[in-house]
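Trainee: So that you have it, the file is work30.tsv, and it contains TSV, C-alpha atoms:
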chain	number	residue	atom	x	y	z
A	1	MET	CA	65.27	-65.66	2.55
A	2	PRO	CA	61.87	-65.21	4.01
A	3	SER	CA	60.43	-61.68	4.11
A	4	THR	CA	60.49	-59.95	7.51
A	5	THR	CA	57.59	-57.57	6.60
A	6	SER	CA	54.37	-58.35	8.46
A	7	PRO	CA	51.07	-58.81	6.57
A	8	ALA	CA	49.60	-55.76	8.35
A	9	THR	CA	52.51	-53.56	7.28
A	10	ALA	CA	52.33	-54.76	3.73
A	11	SER	CA	48.60	-53.90	3.41
A	12	ALA	CA	48.74	-50.34	4.85
A	13	PRO	CA	49.54	-48.51	1.56
A	14	SER	CA	46.86	-50.52	-0.18
A	15	LYS	CA	44.24	-49.49	2.42
A	16	ALA	CA	45.23	-45.82	2.15
A	17	ARG	CA	44.85	-45.92	-1.64
A	18	LYS	CA	41.40	-47.54	-1.33
A	19	THR	CA	40.28	-44.94	1.24
A	20	ALA	CA	41.38	-42.05	-0.98
A	21	ALA	CA	39.60	-43.62	-3.95
A	22	TRP	CA	36.34	-43.97	-2.03
A	23	GLN	CA	36.61	-40.36	-0.81
A	24	ALA	CA	36.98	-39.19	-4.41
A	25	VAL	CA	33.96	-41.23	-5.49
A	26	ALA	CA	31.91	-39.83	-2.58
A	27	ALA	CA	32.83	-36.28	-3.57
A	28	VAL	CA	31.70	-36.87	-7.16
A	29	ILE	CA	28.41	-38.37	-5.95
A	30	ALA	CA	27.83	-35.44	-3.60
A	31	LEU	CA	28.28	-32.99	-6.46
A	32	ALA	CA	26.16	-34.94	-8.89
A	33	LEU	CA	23.29	-35.92	-6.62
A	34	PRO	CA	21.46	-32.53	-6.48
A	35	ALA	CA	21.47	-32.31	-10.28
A	36	ALA	CA	20.26	-35.91	-10.55
A	37	LEU	CA	17.40	-35.11	-8.20
A	38	GLY	CA	16.47	-31.99	-10.14
A	39	ALA	CA	17.40	-29.54	-7.36
A	40	ALA	CA	17.68	-25.92	-8.48
A	41	PRO	CA	20.87	-24.02	-7.74
A	42	VAL	CA	20.69	-21.54	-4.87
A	43	GLN	CA	19.85	-18.09	-6.22
A	44	ALA	CA	20.60	-14.73	-4.66
A	45	GLU	CA	17.63	-12.88	-3.20
A	46	THR	CA	16.24	-9.85	-5.04
A	47	ASP	CA	16.42	-6.71	-2.91
A	48	ILE	CA	13.29	-4.53	-2.83
A	49	LYS	CA	13.04	-1.24	-0.98
A	50	PHE	CA	9.34	-0.63	-0.40
A	51	THR	CA	7.86	2.69	0.72
A	52	LEU	CA	4.53	3.11	2.43
A	53	ASP	CA	2.43	6.20	1.83
A	54	TRP	CA	2.24	6.99	5.53
A	55	LYS	CA	3.11	5.67	8.96
A	56	TYR	CA	3.14	2.08	10.17
A	57	GLN	CA	-0.58	1.68	10.83
A	58	GLY	CA	-3.33	-0.91	10.77
A	59	PRO	CA	-4.36	-0.43	7.11
A	60	THR	CA	-0.82	-1.20	5.87
A	61	ALA	CA	-0.47	-4.31	8.02
A	62	ALA	CA	-0.61	-6.70	5.04
A	63	PHE	CA	2.90	-5.65	3.95
A	64	LEU	CA	4.31	-5.75	7.47
A	65	VAL	CA	2.83	-9.19	8.14
A	66	ALA	CA	4.20	-10.51	4.84
A	67	ALA	CA	7.65	-9.28	5.83
A	68	ASP	CA	7.52	-10.44	9.45
A	69	LYS	CA	6.19	-13.93	8.67
A	70	GLY	CA	8.71	-14.55	5.89
A	71	PHE	CA	6.26	-14.54	2.98
A	72	TYR	CA	8.54	-12.29	0.93
A	73	ALA	CA	11.62	-14.32	1.85
A	74	GLU	CA	9.88	-17.47	0.61
A	75	GLU	CA	9.56	-15.76	-2.78
A	76	GLY	CA	13.30	-15.08	-2.87
A	77	LEU	CA	12.86	-11.41	-1.93
A	78	ASP	CA	14.73	-9.34	0.63
A	79	VAL	CA	12.18	-6.61	1.35
A	80	THR	CA	12.71	-3.58	3.56
A	81	ILE	CA	9.66	-1.42	4.35
A	82	ASP	CA	9.91	2.27	5.21
A	83	SER	CA	7.20	4.65	6.37
A	84	GLY	CA	6.25	7.53	4.07
A	85	ASN	CA	5.08	11.12	4.05
A	86	GLY	CA	2.17	10.99	1.63
A	87	SER	CA	1.25	9.34	-1.65
A	88	ALA	CA	2.90	12.00	-3.80
A	89	GLY	CA	6.14	11.43	-1.93
A	90	ALA	CA	5.84	7.65	-2.32
A	91	VAL	CA	5.40	7.99	-6.09
A	92	THR	CA	8.40	10.30	-6.31
A	93	ARG	CA	10.53	7.88	-4.28
A	94	VAL	CA	9.74	5.03	-6.67
A	95	ALA	CA	10.15	7.16	-9.79
A	96	SER	CA	13.57	8.34	-8.62
A	97	GLY	CA	14.84	4.79	-8.22
A	98	ALA	CA	15.45	5.20	-4.50
A	99	TYR	CA	12.71	2.62	-3.98
A	100	GLN	CA	11.71	-0.16	-6.35
A	101	MET	CA	8.11	-0.48	-5.17
A	102	GLY	CA	5.64	1.32	-2.93
A	103	PHE	CA	2.09	1.89	-1.74
A	104	ALA	CA	0.37	5.02	-2.99
A	105	ASP	CA	-2.85	6.61	-4.16
A	106	ILE	CA	-3.28	5.75	-7.84
A	107	ASN	CA	-4.59	9.26	-8.49
A	108	ALA	CA	-1.30	10.74	-7.31
A	109	LEU	CA	0.35	8.36	-9.77
A	110	VAL	CA	-1.81	9.64	-12.62
A	111	ASP	CA	-0.85	13.21	-11.77
A	112	PHE	CA	2.85	12.39	-11.54
A	113	ASN	CA	3.04	10.41	-14.79
A	114	ALA	CA	1.14	13.10	-16.69
A	115	GLN	CA	3.57	15.78	-15.52
A	116	ASN	CA	6.73	13.67	-15.79
A	117	PRO	CA	6.73	11.82	-19.10
A	118	GLY	CA	9.54	9.33	-19.36
A	119	GLN	CA	9.60	8.55	-15.61
A	120	SER	CA	6.99	5.85	-15.83
A	121	VAL	CA	5.66	4.25	-12.67
A	122	LYS	CA	2.83	1.73	-12.81
A	123	ALA	CA	0.27	0.39	-10.37
A	124	VAL	CA	0.33	-3.41	-10.26
A	125	MET	CA	-2.16	-4.33	-7.50
A	126	MET	CA	-5.21	-2.40	-6.27
A	127	ALA	CA	-5.75	-2.43	-2.50
A	128	TYR	CA	-8.45	0.17	-1.80
A	129	ASP	CA	-11.27	-0.63	-4.18
A	130	ALA	CA	-13.28	2.13	-2.47
A	131	PRO	CA	-11.31	5.34	-1.93
A	132	PRO	CA	-10.90	6.75	1.61
A	133	PHE	CA	-10.89	10.41	0.45
A	134	SER	CA	-12.98	12.57	2.77
A	135	LEU	CA	-13.66	15.96	4.33
A	136	PHE	CA	-14.46	16.39	8.04
A	137	THR	CA	-15.99	19.15	10.08
A	138	LEU	CA	-17.76	19.52	13.42
A	139	LYS	CA	-21.53	19.85	13.74
A	140	LYS	CA	-21.12	23.18	15.53
A	141	ASN	CA	-19.59	24.70	12.35
A	142	ASN	CA	-22.96	24.39	10.57
A	143	ILE	CA	-21.50	22.89	7.41
A	144	GLU	CA	-24.13	20.53	6.05
A	145	SER	CA	-23.53	20.59	2.29
A	146	ALA	CA	-20.75	21.20	-0.19
A	147	GLU	CA	-22.09	24.72	-0.81
A	148	ASP	CA	-21.48	25.51	2.87
A	149	LEU	CA	-17.72	25.02	2.34
A	150	VAL	CA	-17.46	28.20	0.27
A	151	GLY	CA	-15.88	31.03	2.23
A	152	ARG	CA	-14.58	28.66	4.93
A	153	LYS	CA	-11.06	27.47	5.84
A	154	LEU	CA	-9.77	24.08	4.71
A	155	GLY	CA	-6.89	22.68	6.73
A	156	ALA	CA	-4.60	19.85	5.62
A	157	PRO	CA	-1.00	18.87	4.92
A	158	VAL	CA	-0.21	19.96	1.37
A	159	PHE	CA	0.59	16.39	0.32
A	160	ASP	CA	-2.61	14.84	1.70
A	161	ALA	CA	-4.39	12.84	-1.03
A	162	SER	CA	-7.86	14.15	-0.16
A	163	TYR	CA	-6.48	17.69	-0.17
A	164	LYS	CA	-4.88	17.24	-3.57
A	165	LEU	CA	-8.18	15.87	-4.90
A	166	PHE	CA	-10.25	18.73	-3.47
A	167	PRO	CA	-10.33	20.48	-6.89
A	168	ALA	CA	-12.01	17.37	-8.30
A	169	PHE	CA	-14.52	17.37	-5.43
A	170	ALA	CA	-15.21	21.09	-6.02
A	171	HIS	CA	-15.73	20.46	-9.74
A	172	GLU	CA	-18.14	17.58	-9.14
A	173	THR	CA	-20.17	19.53	-6.58
A	174	GLY	CA	-20.16	22.79	-8.58
A	175	ILE	CA	-18.49	25.00	-5.97
A	176	ASP	CA	-15.74	27.53	-6.62
A	177	GLU	CA	-12.59	26.14	-5.03
A	178	ALA	CA	-10.93	29.56	-5.30
A	179	LYS	CA	-13.36	30.78	-2.64
A	180	VAL	CA	-12.13	28.23	-0.12
A	181	GLU	CA	-9.22	29.45	1.99
A	182	ARG	CA	-6.39	26.91	2.42
A	183	VAL	CA	-4.36	26.46	5.59
A	184	ASN	CA	-1.49	23.98	5.40
A	185	MET	CA	-0.05	22.41	8.51
A	186	ASP	CA	1.91	19.50	9.87
A	187	PRO	CA	-0.13	16.26	9.77
A	188	ALA	CA	0.00	15.94	13.57
A	189	LEU	CA	-1.84	19.26	13.93
A	190	ARG	CA	-4.66	18.62	11.46
A	191	GLU	CA	-7.38	17.30	13.76
A	192	THR	CA	-6.22	19.48	16.66
A	193	MET	CA	-6.65	22.67	14.61
A	194	LEU	CA	-10.18	21.61	13.66
A	195	VAL	CA	-11.08	20.93	17.29
A	196	GLN	CA	-9.59	24.27	18.33
A	197	GLY	CA	-11.52	26.13	15.64
A	198	GLN	CA	-8.47	27.35	13.73
A	199	VAL	CA	-9.91	25.81	10.54
A	200	ASP	CA	-13.51	25.04	9.58
A	201	PHE	CA	-12.95	21.67	7.93
A	202	ILE	CA	-10.12	19.30	7.13
A	203	SER	CA	-9.35	16.68	4.49
A	204	GLY	CA	-8.04	13.20	5.21
A	205	HIS	CA	-8.46	9.47	4.79
A	206	PHE	CA	-11.75	8.34	6.32
A	207	PHE	CA	-10.16	5.70	8.55
A	208	SER	CA	-7.54	8.16	9.76
A	209	SER	CA	-9.25	11.47	10.51
A	210	MET	CA	-12.41	9.89	11.91
A	211	LEU	CA	-10.46	7.92	14.49
A	212	ASP	CA	-7.99	10.70	15.19
A	213	LEU	CA	-10.87	13.07	15.97
A	214	LYS	CA	-12.45	10.50	18.28
A	215	SER	CA	-9.10	9.99	20.00
A	216	LYS	CA	-9.15	13.71	20.80
A	217	GLY	CA	-12.42	13.39	22.64
A	218	VAL	CA	-14.83	14.29	19.83
A	219	LYS	CA	-17.96	12.14	19.79
A	220	GLU	CA	-18.83	10.53	16.47
A	221	GLU	CA	-22.29	12.13	16.52
A	222	ASP	CA	-20.59	15.55	16.66
A	223	ILE	CA	-18.69	14.90	13.41
A	224	THR	CA	-19.93	15.68	9.91
A	225	TYR	CA	-18.07	14.07	7.03
A	226	PHE	CA	-18.22	14.09	3.25
A	227	LEU	CA	-17.02	10.96	1.46
A	228	TYR	CA	-15.84	11.89	-2.03
A	229	ALA	CA	-17.29	8.62	-3.32
A	230	ASP	CA	-20.78	9.89	-2.39
A	231	TYR	CA	-20.38	12.85	-4.74
A	232	GLY	CA	-19.86	11.17	-8.10
A	233	MET	CA	-16.14	10.54	-7.59
A	234	ASP	CA	-15.92	6.81	-8.26
A	235	PHE	CA	-12.15	6.78	-7.92
A	236	TYR	CA	-9.86	3.97	-6.88
A	237	GLY	CA	-7.60	4.45	-3.88
A	238	ASN	CA	-4.20	3.09	-2.90
A	239	ALA	CA	-2.36	0.50	-4.95
A	240	VAL	CA	0.99	-1.26	-5.00
A	241	ILE	CA	3.22	0.60	-7.46
A	242	ALA	CA	6.54	-0.25	-9.11
A	243	SER	CA	9.05	1.59	-11.24
A	244	GLY	CA	9.03	0.84	-14.95
A	245	GLY	CA	12.68	-0.17	-14.86
A	246	PHE	CA	12.19	-2.64	-12.03
A	247	ILE	CA	9.15	-4.15	-13.76
A	248	GLU	CA	11.13	-4.65	-16.95
A	249	GLU	CA	14.22	-6.10	-15.29
A	250	ASN	CA	12.56	-8.16	-12.52
A	251	PRO	CA	9.11	-9.33	-13.61
A	252	ASP	CA	9.33	-12.50	-11.52
A	253	ALA	CA	10.19	-10.47	-8.42
A	254	VAL	CA	7.08	-8.32	-8.97
A	255	LYS	CA	4.94	-11.46	-9.28
A	256	GLY	CA	6.49	-12.91	-6.14
A	257	PHE	CA	5.94	-9.70	-4.21
A	258	LEU	CA	2.25	-9.69	-5.11
A	259	ARG	CA	1.82	-13.36	-4.21
A	260	ALA	CA	3.36	-12.73	-0.80
A	261	THR	CA	1.34	-9.56	-0.27
A	262	LEU	CA	-1.86	-11.44	-1.10
A	263	ARG	CA	-0.97	-13.89	1.67
A	264	GLY	CA	-0.54	-10.86	3.92
A	265	TRP	CA	-4.05	-9.58	3.12
A	266	LYS	CA	-5.57	-12.98	3.83
A	267	ASP	CA	-3.63	-13.22	7.07
A	268	ILE	CA	-4.75	-9.85	8.47
A	269	ILE	CA	-8.38	-10.57	7.60
A	270	ALA	CA	-8.19	-13.90	9.44
A	271	ASP	CA	-6.34	-12.47	12.45
A	272	PRO	CA	-6.52	-8.65	12.72
A	273	GLU	CA	-5.41	-8.68	16.36
A	274	GLY	CA	-2.29	-10.63	15.45
A	275	ALA	CA	-1.64	-8.22	12.59
A	276	ILE	CA	-1.59	-5.26	14.97
A	277	GLU	CA	0.94	-7.04	17.18
A	278	ILE	CA	3.21	-7.19	14.14
A	279	VAL	CA	2.60	-3.52	13.31
A	280	ALA	CA	3.76	-2.76	16.84
A	281	LYS	CA	7.09	-4.44	16.06
A	282	PHE	CA	7.68	-1.80	13.41
A	283	ASP	CA	6.43	1.05	15.61
A	284	PRO	CA	6.25	0.22	19.33
A	285	LEU	CA	4.61	3.60	20.02
A	286	ILE	CA	1.33	2.86	18.26
A	287	GLU	CA	-1.89	2.65	20.26
A	288	LYS	CA	-2.87	-0.94	19.51
A	289	SER	CA	-6.59	-0.57	20.17
A	290	LEU	CA	-6.78	2.47	17.88
A	291	GLU	CA	-4.87	0.73	15.10
A	292	LEU	CA	-7.05	-2.36	15.39
A	293	GLU	CA	-10.13	-0.18	14.96
A	294	ARG	CA	-8.44	1.62	12.04
A	295	LEU	CA	-7.61	-1.68	10.35
A	296	LYS	CA	-11.14	-3.04	10.73
A	297	LEU	CA	-12.63	0.20	9.41
A	298	ALA	CA	-10.33	0.16	6.37
A	299	LEU	CA	-11.17	-3.48	5.65
A	300	ASP	CA	-14.93	-2.90	5.95
A	301	VAL	CA	-15.12	0.36	3.97
A	302	ASN	CA	-12.20	0.37	1.55
A	303	VAL	CA	-10.99	-3.18	0.94
A	304	LEU	CA	-13.79	-5.71	1.26
A	305	THR	CA	-16.25	-3.99	-1.06
A	306	PRO	CA	-19.04	-5.90	-2.82
A	307	HIS	CA	-16.90	-5.92	-5.99
A	308	VAL	CA	-13.90	-7.41	-4.17
A	309	LYS	CA	-16.03	-10.00	-2.40
A	310	GLU	CA	-17.32	-11.15	-5.78
A	311	ASN	CA	-14.17	-10.80	-7.89
A	312	GLY	CA	-11.23	-10.89	-5.51
A	313	ILE	CA	-8.73	-8.23	-4.50
A	314	GLY	CA	-6.15	-6.61	-6.75
A	315	ASP	CA	-7.61	-5.95	-10.19
A	316	VAL	CA	-9.48	-2.94	-11.61
A	317	GLU	CA	-12.29	-2.38	-14.07
A	318	GLU	CA	-10.83	-0.55	-17.05
A	319	ALA	CA	-13.95	1.52	-17.76
A	320	ARG	CA	-14.12	2.73	-14.15
A	321	LEU	CA	-10.41	3.59	-14.13
A	322	LYS	CA	-10.70	5.39	-17.45
A	323	SER	CA	-13.60	7.48	-16.13
A	324	ALA	CA	-11.71	8.34	-12.95
A	325	ILE	CA	-8.65	9.44	-14.95
A	326	ALA	CA	-10.84	11.68	-17.11
A	327	GLN	CA	-12.35	13.31	-14.00
A	328	LEU	CA	-8.92	13.80	-12.54
A	329	ALA	CA	-7.46	15.29	-15.72
A	330	LEU	CA	-10.29	17.81	-15.88
A	331	ALA	CA	-10.02	18.80	-12.23
A	332	TYR	CA	-6.21	19.07	-12.30
A	333	GLY	CA	-6.13	20.78	-15.67
A	334	LEU	CA	-3.80	18.15	-17.09
A	335	THR	CA	-2.65	18.84	-20.64
A	336	SER	CA	-3.24	15.20	-21.54
A	337	THR	CA	-5.46	12.40	-20.29
A	338	PRO	CA	-3.41	9.24	-19.79
A	339	GLU	CA	-4.82	5.92	-20.92
A	340	PRO	CA	-5.27	3.27	-18.19
A	341	ALA	CA	-2.48	1.17	-19.75
A	342	ALA	CA	-0.04	4.02	-19.07
A	343	ILE	CA	-0.50	3.73	-15.32
A	344	TRP	CA	-1.86	0.24	-14.70
A	345	THR	CA	-1.04	-3.37	-15.48
A	346	SER	CA	-2.65	-6.54	-14.13
A	347	GLU	CA	-0.16	-8.93	-15.76
A	348	PHE	CA	1.65	-9.70	-12.50
A	349	LEU	CA	-1.41	-10.53	-10.41
A	350	PRO	CA	-2.08	-14.08	-9.21
A	351	PRO	CA	-5.10	-15.77	-10.85
A	352	ALA	CA	-8.51	-14.43	-9.81
A	353	GLU	CA	-9.45	-17.60	-7.93
A	354	GLU	CA	-6.39	-17.15	-5.71
A	355	ARG	CA	-7.29	-13.52	-4.97
A	356	MET	CA	-10.66	-14.27	-3.39
A	357	LEU	CA	-10.94	-13.02	0.17
A	358	SER	CA	-13.27	-14.07	2.93
A	359	LYS	CA	-14.28	-12.57	6.24
What does the file become when written as structure tokens?

Mentor:
Amino acid sequence: MPSTTSPATASAPSKARKTAAWQAVAAVIALALPAALGAAPVQAETDIKFTLDWKYQGPTAAFLVAADKGFYAEEGLDVTIDSGNGSAGAVTRVASGAYQMGFADINALVDFNAQNPGQSVKAVMMAYDAPPFSLFTLKKNNIESAEDLVGRKLGAPVFDASYKLFPAFAHETGIDEAKVERVNMDPALRETMLVQGQVDFISGHFFSSMLDLKSKGVKEEDITYFLYADYGMDFYGNAVIASGGFIEENPDAVKGFLRATLRGWKDIIADPEGAIEIVAKFDPLIEKSLELERLKLALDVNVLTPHVKENGIGDVEEARLKSAIAQLALAYGLTSTPEPAAIWTSEFLPPAEERMLSK
């Protein structure tokens, strides 16, 4: 008897089996194709909490630009950047493990490591080849030399880097620091107290106090300043720092952070106005024109030195660092003088040819 099943009905199960087979083959191909093409598996980002030494300002724009433009993200890093309350505080934050990396005065790092053996923090990228450490007074105070500081009042926040280095300045200039009265105050009051005559001179970063005094109506010709670098103090300034534990466990993350930060430096040199717009995203209350001037001053005086123009940003000269540490140890009365290798490493820096800057 002839079959009553139609050809279409008879082929349906066969088509279903073929479809399922092709779906299985497609799934296998989809899984195998990335490996065949050499694609790397997706890796989780490395989290980095980064602390600045101070507020969100022009001179720290390189880090903010690198974060805002995704340079850190491209290195597989999830970076959060917090403002700080001084270099000593930034070093302590990193040493405690609360932050993995930071931006701080390398001299504060020397002091911390010498007094806290076993809590090693290292500098991994130099930013301020010329230090910004300075003293400021007004012409009307008749302070024209270091000797004129004796018997006068020095005002500064206790954690200010220039304040902490004043003993070294006193030693180099031969004055008795014990005969200088100290007045500590909130950072926001520093320049105001000088203008009001409550102190005779103040300490501060050159690109900060100079502009802050001018913003308070003081003319530049009415300001007298003493750059520590002009008095035999050939120190380095701020550097990127990292905890010893983070360096050991995440060397590639440190390298990636420095590569991205280098892109940030190049970016702010090429477009300082754009950099300040990004700083304003982190702190909408900044005065953009003031921060642009502060950034340009820091670049001209502290970052783009003749040495950096010739050799690139980021590295140090060991002999110079060793001499600075010796000066610091003497001025601070440290019981030991750390070797440069105890506080500095250049092993994570990009090659020198990649660290060249132009302006």

Trainee: Given the choices A:Ala270, A:Val150, A:Leu292, A:Leu357, which gets closest to Ile313 in chain A if the distance is worked out from only C-alpha atoms?

Mentor: A:Leu357

Trainee: What does the distance from CA of Asn302 in chain A to CA of Asp200 in chain A come to in Å, to one decimal?

Mentor: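 Computed distance, CA of Asn302 in chain A to CA of Asp200 in chain A, equals 26.0 Å.
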
Trainee: Which distance in Å separates CA of Gln100 in chain A and CA of Phe50 in chain A, to one decimal?

Mentor: 6.4 Å

Trainee: Please write as a VMD selection string the list of polymer residues whose atoms come within 9 Å of (-16.4, 16.7, 10.6), counting all atoms listed in the file and keeping to the coordinates of the file.

Mentor: chain A and resid 135 to 139 141 143 194 200 to 202 209 to 210 213 220 222 to 226

Trainee: What does the distance between CA of Val308 in chain A and CA of Tyr72 in chain A come to in Å, to one decimal place?

Mentor: 23.5 Å

Trainee: For a cut-off of 10 Å around (7.9, 10.5, -15.3), file coordinates, pick out all residues using all atoms listed in the file and list them as a PyMOL selection string.

Mentor: chain A and resi 91-92+95-96+109+111-121+243-244

Trainee: So that I can check the surroundings of Gly204 in chain A, please list as a PDB file with C-alpha atoms, keeping the file's coordinate frame every protein, DNA and RNA residue that reaches within 9 Å of it, counting only C-alpha atoms and ignoring chain neighbours fewer than 6 positions away.

Mentor:
ATOM      1  CA  PRO A 132     -10.900   6.750   1.610  1.00  0.00           C
ATOM      2  CA  PHE A 133     -10.890  10.410   0.450  1.00  0.00           C
ATOM      3  CA  SER A 134     -12.980  12.570   2.770  1.00  0.00           C
ATOM      4  CA  LEU A 135     -13.660  15.960   4.330  1.00  0.00           C
ATOM      5  CA  PHE A 136     -14.460  16.390   8.040  1.00  0.00           C
ATOM      6  CA  ALA A 156      -4.600  19.850   5.620  1.00  0.00           C
ATOM      7  CA  ASP A 160      -2.610  14.840   1.700  1.00  0.00           C
ATOM      8  CA  ALA A 161      -4.390  12.840  -1.030  1.00  0.00           C
ATOM      9  CA  SER A 162      -7.860  14.150  -0.160  1.00  0.00           C
ATOM     10  CA  TYR A 163      -6.480  17.690  -0.170  1.00  0.00           C
ATOM     11  CA  ARG A 190      -4.660  18.620  11.460  1.00  0.00           C
ATOM     12  CA  MET A 210     -12.410   9.890  11.910  1.00  0.00           C
TER      13      MET A 210
END

Trainee: Would you mind listing what lies within 12 Å of Leu258 in chain A as an MDAnalysis selection string, with only C-alpha atoms counted and same-chain residues fewer than 6 positions away left out?

Mentor: chainID A and resid 62:63 66 71:72 75 77 101:102 123:127 239:242 251:252 264:265 313:315 346:351 354:355

Trainee: Excluding Glu310 in chain A and its own-chain neighbours fewer than 6 positions away, which residues fall within 12 Å of it when counting only C-alpha atoms? Please give them as a list of chain:residue names.

Mentor: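 Near Glu310 in chain A, the qualifying residues are A:Leu304, A:Ala352, A:Glu353, A:Arg355, A:Met356, A:Leu357, A:Ser358.
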
Trainee: Which residue out of A:Ser208, A:Thr173, A:Asn142, A:Gln198 has the minimum interatomic distance to Leu154 in chain A when only C-alpha atoms are used?

Mentor: A:Gln198

Trainee: From the options A:Ile81, A:Ala331, A:Pro306, A:Ser87, which residue's atoms come nearest to Gly174 in chain A, counting all atoms listed in the file?

Mentor: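 Counting all atoms listed in the file, the residue closest to Gly174 in chain A is A:Ala331.
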
Trainee: Could you check the closest approach to Lys214 in chain A for each of A:Leu52, A:Ala326, A:Thr192, A:Gly97 and tell me which residue wins, using only C-alpha atoms?

Mentor: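 Nearest candidate to Lys214 in chain A out of A:Leu52, A:Ala326, A:Thr192, A:Gly97: A:Thr192.
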
Trainee: Any idea what's packed within 9 Å of Gln57 in chain A, counting all atoms listed in the file, ignoring anything in its chain fewer than 3 positions away? Could you give it as a JSON list (two decimals) with C-alpha atoms, in the frame of the given file?

Mentor:
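Dumped to result-v8.json:
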[["chain", "number", "residue", "atom", "x", "y", "z"],
["A", 54, "TRP", "CA", 2.24, 6.99, 5.53],
["A", 60, "THR", "CA", -0.82, -1.20, 5.87],
["A", 61, "ALA", "CA", -0.47, -4.31, 8.02],
["A", 276, "ILE", "CA", -1.59, -5.26, 14.97],
["A", 279, "VAL", "CA", 2.60, -3.52, 13.31],
["A", 280, "ALA", "CA", 3.76, -2.76, 16.84],
["A", 283, "ASP", "CA", 6.43, 1.05, 15.61],
["A", 286, "ILE", "CA", 1.33, 2.86, 18.26],
["A", 291, "GLU", "CA", -4.87, 0.73, 15.10],
["A", 292, "LEU", "CA", -7.05, -2.36, 15.39],
["A", 294, "ARG", "CA", -8.44, 1.62, 12.04],
["A", 295, "LEU", "CA", -7.61, -1.68, 10.35]]

Trainee: Counting all atoms listed in the file, which of A:Trp344, A:Ile325, A:Gly89, A:Pro59 gets nearest to Ile247 in chain A?

Mentor: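 Smallest separation from Ile247 in chain A among the options: A:Trp344.
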
Trainee: Quick one: of A:Thr51, A:Ser323, A:Ser145, A:Asn184, who's nearest to Ala98 in chain A, counting all atoms listed in the file?

Mentor: A:Thr51

Trainee: Can you pull out every residue within 7 Å of Lys153 in chain A, counting all atoms listed in the file, but drop anything in the same chain fewer than 3 positions away, and send it as a list in words?

Mentor: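 So, after excluding close chain neighbours, the residues are Val180, Glu181, Arg182, Val183, Val199, Asp200 and Phe201 of chain A.
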
Trainee: Please, could N, CA, C and O atoms be added to range 299-309 of chain A and the result written as a PDB file, in the frame of the given file?

Mentor:
ATOM      1  N   LEU A 299     -10.749  -2.231   6.290  1.00  0.00           N
ATOM      2  CA  LEU A 299     -11.170  -3.480   5.650  1.00  0.00           C
ATOM      3  C   LEU A 299     -12.649  -3.402   5.262  1.00  0.00           C
ATOM      4  O   LEU A 299     -13.034  -3.751   4.147  1.00  0.00           O
ATOM      5  N   ASP A 300     -13.488  -2.926   6.184  1.00  0.00           N
ATOM      6  CA  ASP A 300     -14.930  -2.900   5.950  1.00  0.00           C
ATOM      7  C   ASP A 300     -15.323  -1.897   4.859  1.00  0.00           C
ATOM      8  O   ASP A 300     -16.185  -2.185   4.030  1.00  0.00           O
ATOM      9  N   VAL A 301     -14.700  -0.717   4.865  1.00  0.00           N
ATOM     10  CA  VAL A 301     -15.120   0.360   3.970  1.00  0.00           C
ATOM     11  C   VAL A 301     -14.347   0.386   2.655  1.00  0.00           C
ATOM     12  O   VAL A 301     -14.933   0.614   1.596  1.00  0.00           O
ATOM     13  N   ASN A 302     -13.052   0.132   2.718  1.00  0.00           N
ATOM     14  CA  ASN A 302     -12.200   0.370   1.550  1.00  0.00           C
ATOM     15  C   ASN A 302     -11.715  -0.879   0.822  1.00  0.00           C
ATOM     16  O   ASN A 302     -11.471  -0.830  -0.380  1.00  0.00           O
ATOM     17  N   VAL A 303     -11.578  -1.972   1.539  1.00  0.00           N
ATOM     18  CA  VAL A 303     -10.990  -3.180   0.940  1.00  0.00           C
ATOM     19  C   VAL A 303     -12.043  -4.205   0.556  1.00  0.00           C
ATOM     20  O   VAL A 303     -12.146  -4.601  -0.611  1.00  0.00           O
ATOM     21  N   LEU A 304     -12.836  -4.624   1.507  1.00  0.00           N
ATOM     22  CA  LEU A 304     -13.790  -5.710   1.260  1.00  0.00           C
ATOM     23  C   LEU A 304     -15.121  -5.161   0.728  1.00  0.00           C
ATOM     24  O   LEU A 304     -16.181  -5.320   1.341  1.00  0.00           O
ATOM     25  N   THR A 305     -15.053  -4.533  -0.414  1.00  0.00           N
ATOM     26  CA  THR A 305     -16.250  -3.990  -1.060  1.00  0.00           C
ATOM     27  C   THR A 305     -17.031  -5.120  -1.720  1.00  0.00           C
ATOM     28  O   THR A 305     -16.520  -6.233  -1.889  1.00  0.00           O
ATOM     29  N   PRO A 306     -18.279  -4.866  -2.109  1.00  0.00           N
ATOM     30  CA  PRO A 306     -19.040  -5.900  -2.820  1.00  0.00           C
ATOM     31  C   PRO A 306     -18.307  -6.415  -4.069  1.00  0.00           C
ATOM     32  O   PRO A 306     -18.332  -7.615  -4.362  1.00  0.00           O
ATOM     33  N   HIS A 307     -17.641  -5.502  -4.790  1.00  0.00           N
ATOM     34  CA  HIS A 307     -16.900  -5.920  -5.990  1.00  0.00           C
ATOM     35  C   HIS A 307     -15.769  -6.880  -5.624  1.00  0.00           C
ATOM     36  O   HIS A 307     -15.566  -7.895  -6.301  1.00  0.00           O
ATOM     37  N   VAL A 308     -15.027  -6.562  -4.571  1.00  0.00           N
ATOM     38  CA  VAL A 308     -13.900  -7.410  -4.170  1.00  0.00           C
ATOM     39  C   VAL A 308     -14.400  -8.755  -3.648  1.00  0.00           C
ATOM     40  O   VAL A 308     -13.807  -9.804  -3.930  1.00  0.00           O
ATOM     41  N   LYS A 309     -15.492  -8.750  -2.911  1.00  0.00           N
ATOM     42  CA  LYS A 309     -16.030 -10.000  -2.400  1.00  0.00           C
ATOM     43  C   LYS A 309     -16.448 -10.933  -3.533  1.00  0.00           C
ATOM     44  O   LYS A 309     -16.382 -12.158  -3.411  1.00  0.00           O
TER      45      LYS A 309
END
